[in-house]
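Report on the following structure.
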Amino acid sequence: MISDISTVDYHAGGEPFRIVTSVPEIPGATVAEKRVAAMSDPEVDGLRLLLCSEPRGHADMYGGFIVPPDDPGAHFGVLFWHKDGFSTACGHGTIALGVWAVQNGLVPIDPTGVTNVVIDVPSGRVTAQVSASGAKVSSVDFVNIASYVLHDEVEVPTSRGPARCAISFGGAIYAQVPASAFGLAVDVASLPALIELSREIKTWLNPSAYAAHPLDPRLSGIYGVIFFDELGADSDGDLRQRNVTVFADGEVDRSPCGSGTCARIATLHTTGRLERGRTFVHSSIVDSTWLARVVDTTEVAGRDAVIPVVTGRAFRTGEHRFVVDPDDDMVPGFVLR
């Protein structure tokens with residue numbers, strides 16, 4: 001295991017993102033292949049565990065390893081990780097990486113004021129369109145891969161009764177259900193119950209055909225459960241919702257969730273609630289708010305799909321140097337949840 005690790009940390013909408021540039025060599029011709037290799041590599045996976053686990057991290061830590069892109073068409077690649085493994089997509093991380101790439105001079109600032117940072121992720125090629133005046137970043141548009149509905153409505157049994165979930169792909173697969181279906185709301189008081197419900201829903205769905213990706217089995221599996229509250233329309237008539245996304249094994253996204261937001265607008269567009277060009281105002285459990293919209297439509301695997309854009313911001317929170325003492329008997333660490 002590497003004994004001296006430097007990281008740059010950001011948050012996007014309140015959700016942490018820890019960036020690591022010095023990573024052991026990972027085999028694979030593409031980022032998708034490198035993700036599969038990383039999961040079984042003791043050194044790479046050990047580094048993930050070290051940075052997620054206490055005392056260096058926590059149960060809801062998130063980050064990414066910078067890796068080479070699939071080809072010269074992208075600036076770099078990234079392997080997204082959390083306490084339970086390596087994810088296929090991450091919108092908040094893409095927003096943070098766009099800011100990081102511009103602030104560190106990895107991608108020169110475009111004089112037009114909008115700099116495209118092109119990133120290869122396990123689910124495909126995405127772009128962070130970084131709006132800046134000089135070196136000051138004002139916002140980032142996360143342009144995702146095509147997103148689409150897999151199943152309109154699936155009834156899932158839970159300890160609080162049956163729930164009707166929509167299942168959509170936004171770089172990862174998300175089940176979506178109103179919190180009110182369980183007599184709950186998207187708030188801190190309901191959070192423990194929502195975490196347990198997410199585990200129940202995933203446990204039931206993941207062995208089923210409902211969790212299968214239609215083209216790439218590496219993308220299969222329910223990554224997160226999105227619980228949402230309807231907030232009506234704002235003064236411009238735009239749809240508003242508040243959500244909390246519980247991903248992996250009970251991890252809580254503090255942000256509105258980038259790839260989850262893409263899954264939501266795919267669902268909302270397909271069901272006629274979000275027209276192309278209209279804005280979706282999506283808030284998180286900590287009241288951070290991102291804007292999302294459909295900029296184009298396409299077709300994937302015989303399904304109607306959308307090209308989504310999510311607008312958010314990210315901020316640097318620190319630069320860290322982590323060390324591993326050879327006598328430390330608590331490496332890689334622990335999590336208490």
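To be explicit about the labels: the chains of the structure tokens are called A, B, and onward in the order shown, and within each one the residues are counted from 1, while ligands get numbers from 1 in the order they are shown.
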
Quiz item: Can you list every residue in stretch 78-268 of chain A that DSSP puts in strand (DSSP E), as a count of residues only?
Solution: 80

With only C-alpha atoms counted and 12 Å as the cut-off, give the residues of stretch 6-121 of chain A in contact with stretch 245-248 of chain A, each with its shortest interatomic distance in Å and the pair that gives it, as JSON lines.
```
{"residue": "A:Glu15", "atom": "CA", "partner": "A:Thr245", "partner_atom": "CA", "distance": 11.3}
{"residue": "A:Ala59", "atom": "CA", "partner": "A:Ala248", "partner_atom": "CA", "distance": 10.8}
{"residue": "A:Asp60", "atom": "CA", "partner": "A:Phe247", "partner_atom": "CA", "distance": 9.7}
{"residue": "A:Met61", "atom": "CA", "partner": "A:Ala248", "partner_atom": "CA", "distance": 11.6}
{"residue": "A:Tyr62", "atom": "CA", "partner": "A:Ala248", "partner_atom": "CA", "distance": 11.1}
{"residue": "A:Trp81", "atom": "CA", "partner": "A:Ala248", "partner_atom": "CA", "distance": 10.2}
{"residue": "A:His82", "atom": "CA", "partner": "A:Ala248", "partner_atom": "CA", "distance": 8.0}
{"residue": "A:Lys83", "atom": "CA", "partner": "A:Ala248", "partner_atom": "CA", "distance": 8.3}
{"residue": "A:Asp84", "atom": "CA", "partner": "A:Ala248", "partner_atom": "CA", "distance": 6.4}
{"residue": "A:Gly85", "atom": "CA", "partner": "A:Ala248", "partner_atom": "CA", "distance": 8.1}
{"residue": "A:Phe86", "atom": "CA", "partner": "A:Ala248", "partner_atom": "CA", "distance": 9.5}
{"residue": "A:Ser87", "atom": "CA", "partner": "A:Ala248", "partner_atom": "CA", "distance": 8.5}
{"residue": "A:Thr88", "atom": "CA", "partner": "A:Ala248", "partner_atom": "CA", "distance": 11.4}
{"residue": "A:Ala89", "atom": "CA", "partner": "A:Phe247", "partner_atom": "CA", "distance": 11.7}
{"residue": "A:Cys90", "atom": "CA", "partner": "A:Phe247", "partner_atom": "CA", "distance": 11.1}
```

Quiz item: Which polymer residues have any atom within 8 Å of an atom of A:Gly277, counting only C-alpha atoms, with same-chain residues fewer than 6 positions away left out, as an MDAnalysis selection string?
Solution: chainID A and resid 293:295

Quiz item: Of the candidates A:Phe227, A:Val143, A:Lys136, A:Arg303, which shows the shortest atom-to-atom distance to A:Arg164, using only C-alpha atoms?
Solution: A:Phe227

Any idea what's packed within 8 Å of A:Pro122, counting only C-alpha atoms, ignoring anything in its chain fewer than 2 positions away? Could you give it as a JSON list (two decimals) with C-alpha atoms, in the first residue's frame?
```json
[["chain", "number", "residue", "atom", "x", "y", "z"],
["A", 31, "VAL", "CA", -11.78, 3.35, -17.96],
["A", 32, "ALA", "CA", -14.59, 0.77, -17.84],
["A", 33, "GLU", "CA", -12.01, -2.03, -17.97],
["A", 35, "ARG", "CA", -12.83, -0.15, -12.99],
["A", 78, "VAL", "CA", -11.56, 8.83, -13.48],
["A", 79, "LEU", "CA", -12.51, 5.86, -11.33],
["A", 87, "SER", "CA", -19.26, 3.28, -9.04],
["A", 88, "THR", "CA", -20.06, 3.60, -12.75],
["A", 89, "ALA", "CA", -20.93, 7.32, -12.74],
["A", 120, "ASP", "CA", -13.94, 9.37, -19.53],
["A", 124, "GLY", "CA", -19.01, 6.65, -21.01]]
```

Quiz item: Distance atom CA of A:Pro27-atom CA of A:Asp41, one decimal place?
Solution: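 Between these atoms lies a distance of 9.7 Å.
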
Self-check item: Best match for closeness to A:Thr261 among A:Glu25, A:Ser284, A:Leu336, A:Thr158, counting only C-alpha atoms
Solution: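 The answer is A:Ser284, which sits nearest to A:Thr261.
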
Practice problem: May I ask for the distance between atom CA of A:Arg273 and atom CA of A:Leu231, given in Å to one decimal place? | Solution: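 Interatomic distance, atom CA of A:Arg273 to atom CA of A:Leu231: 13.6 Å.
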
Practice problem: Mind giving me the straight-line distance from atom CA of A:Asp238 to atom CA of A:Thr270 in Å, one decimal? | Solution: 16.5 Å

Find the spatial neighbours of A:Tyr223, counting only C-alpha atoms, within a cut-off of 12 Å - ignore same-chain residues fewer than 3 positions away - and output them as a short mmCIF file (atom, residue, chain, number, x, y, z; two decimals) with C-alpha atoms, in the first residue's frame.
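Saved the output as result-v1.cif:
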```
data_model
loop_
_atom_site.label_atom_id
_atom_site.label_comp_id
_atom_site.auth_asym_id
_atom_site.auth_seq_id
_atom_site.Cartn_x
_atom_site.Cartn_y
_atom_site.Cartn_z
CA HIS A 82 -16.97 5.13 -2.11
CA ASP A 84 -18.42 -0.04 -0.73
CA GLY A 85 -16.53 -0.04 -4.02
CA PHE A 86 -16.24 1.64 -7.42
CA SER A 87 -19.26 3.28 -9.04
CA THR A 88 -20.06 3.60 -12.75
CA ALA A 89 -20.93 7.32 -12.74
CA CYS A 90 -20.86 10.41 -10.55
CA ILE A 167 -36.23 2.61 -12.62
CA SER A 168 -34.01 4.71 -14.89
CA PHE A 169 -30.43 4.87 -16.07
CA GLY A 170 -28.42 8.10 -15.77
CA GLY A 171 -24.92 6.62 -15.90
CA ALA A 172 -25.95 4.34 -13.05
CA ILE A 173 -29.31 2.68 -12.40
CA TYR A 174 -31.65 4.32 -9.88
CA ALA A 175 -34.97 3.31 -8.38
CA GLN A 176 -37.16 6.34 -7.64
CA SER A 198 -33.20 1.78 0.37
CA ARG A 199 -31.56 -1.46 1.48
CA ILE A 201 -35.64 -1.98 -2.17
CA LYS A 202 -32.18 -2.80 -3.52
CA THR A 203 -32.18 -6.26 -1.95
CA LEU A 205 -34.61 -5.48 -7.08
CA ASN A 206 -30.97 -6.42 -7.60
CA ALA A 211 -31.77 -4.24 -12.38
CA ALA A 212 -30.24 -5.35 -15.69
CA HIS A 213 -28.63 -2.85 -18.05
CA ARG A 218 -20.96 -4.07 -16.05
CA LEU A 219 -23.52 -1.28 -15.58
CA SER A 220 -26.20 -3.56 -14.12
CA ILE A 226 -33.98 8.27 -4.91
CA THR A 245 -30.36 9.66 -2.88
CA VAL A 246 -29.20 6.69 -0.82
CA PHE A 247 -26.56 4.83 -2.78
CA ALA A 248 -24.28 1.81 -2.35
CA ASP A 249 -24.94 0.33 1.11
CA GLY A 250 -26.77 3.09 2.96
CA GLU A 251 -24.59 6.01 1.85
CA SER A 259 -26.36 11.13 -12.21
CA GLY A 260 -29.47 10.60 -10.08
CA ALA A 263 -32.23 9.54 -14.09
#
```

List the spatial neighbours of A:Ile285 as a compact mmCIF listing (two decimals) with all heavy atoms, in the first residue's frame - criterion: any atom at most 8 Å away, only C-alpha atoms, same-chain residues fewer than 4 positions off excluded.
```
# COMPACT_ATOMS: atom_id res chain seq x y z
N VAL A 186 -38.58 13.93 2.86
CA VAL A 186 -37.13 14.07 2.68
C VAL A 186 -36.64 15.08 3.72
O VAL A 186 -36.55 16.28 3.48
CB VAL A 186 -36.78 14.53 1.25
CG1 VAL A 186 -35.27 14.73 1.12
CG2 VAL A 186 -37.27 13.51 0.23
N ASP A 187 -36.35 14.56 4.90
CA ASP A 187 -35.84 15.40 5.98
C ASP A 187 -34.96 14.54 6.89
O ASP A 187 -34.92 13.31 6.77
CB ASP A 187 -36.97 16.07 6.76
CG ASP A 187 -37.99 15.10 7.34
OD1 ASP A 187 -37.62 13.93 7.63
OD2 ASP A 187 -39.16 15.49 7.50
N VAL A 188 -34.26 15.19 7.77
CA VAL A 188 -33.30 14.51 8.63
C VAL A 188 -34.00 13.50 9.55
O VAL A 188 -33.49 12.41 9.81
CB VAL A 188 -32.48 15.52 9.44
CG1 VAL A 188 -31.58 14.82 10.44
CG2 VAL A 188 -31.64 16.39 8.51
N ARG A 242 -37.57 17.91 -4.08
CA ARG A 242 -36.50 17.76 -3.09
C ARG A 242 -36.24 16.26 -2.98
O ARG A 242 -37.18 15.47 -2.95
CB ARG A 242 -36.95 18.35 -1.76
CG ARG A 242 -36.00 18.16 -0.57
CD ARG A 242 -36.66 18.80 0.65
NE ARG A 242 -36.00 18.49 1.90
CZ ARG A 242 -35.07 19.26 2.46
NH1 ARG A 242 -34.68 20.37 1.86
NH2 ARG A 242 -34.52 18.93 3.62
N ASN A 243 -34.98 15.88 -2.93
CA ASN A 243 -34.68 14.45 -2.90
C ASN A 243 -33.53 14.14 -1.96
O ASN A 243 -32.72 15.01 -1.61
CB ASN A 243 -34.34 13.96 -4.32
CG ASN A 243 -32.85 13.96 -4.59
OD1 ASN A 243 -32.18 12.93 -4.50
ND2 ASN A 243 -32.31 15.14 -4.92
N VAL A 244 -33.47 12.88 -1.59
CA VAL A 244 -32.25 12.34 -1.00
C VAL A 244 -31.98 11.02 -1.71
O VAL A 244 -32.87 10.17 -1.85
CB VAL A 244 -32.35 12.14 0.53
CG1 VAL A 244 -33.44 11.17 0.93
CG2 VAL A 244 -31.00 11.70 1.09
N ARG A 254 -25.34 14.07 -0.05
CA ARG A 254 -25.72 15.38 0.47
C ARG A 254 -26.14 16.33 -0.65
O ARG A 254 -26.87 17.29 -0.41
CB ARG A 254 -24.55 16.01 1.23
CG ARG A 254 -24.42 15.58 2.68
CD ARG A 254 -23.85 14.20 2.83
NE ARG A 254 -23.50 13.94 4.23
CZ ARG A 254 -23.51 12.75 4.79
NH1 ARG A 254 -23.83 11.69 4.08
NH2 ARG A 254 -23.18 12.60 6.06
N SER A 255 -25.65 16.09 -1.86
CA SER A 255 -25.99 16.94 -3.00
C SER A 255 -27.31 16.48 -3.61
O SER A 255 -27.86 15.44 -3.22
CB SER A 255 -24.88 16.86 -4.05
OG SER A 255 -25.01 15.68 -4.84
N PRO A 256 -27.83 17.21 -4.61
CA PRO A 256 -29.02 16.72 -5.31
C PRO A 256 -28.76 15.46 -6.13
O PRO A 256 -29.71 14.89 -6.67
CB PRO A 256 -29.41 17.90 -6.22
CG PRO A 256 -28.82 19.10 -5.55
CD PRO A 256 -27.53 18.61 -4.97
```

Exercise. Apply DSSP to the structure's backbone, then extract all residues of stretch 55-251 of chain A labelled helix (DSSP H, G or I) and return them as a PyMOL selection string.
Key: chain A and resi 91-103+179-182+188-205+209-211+217-219
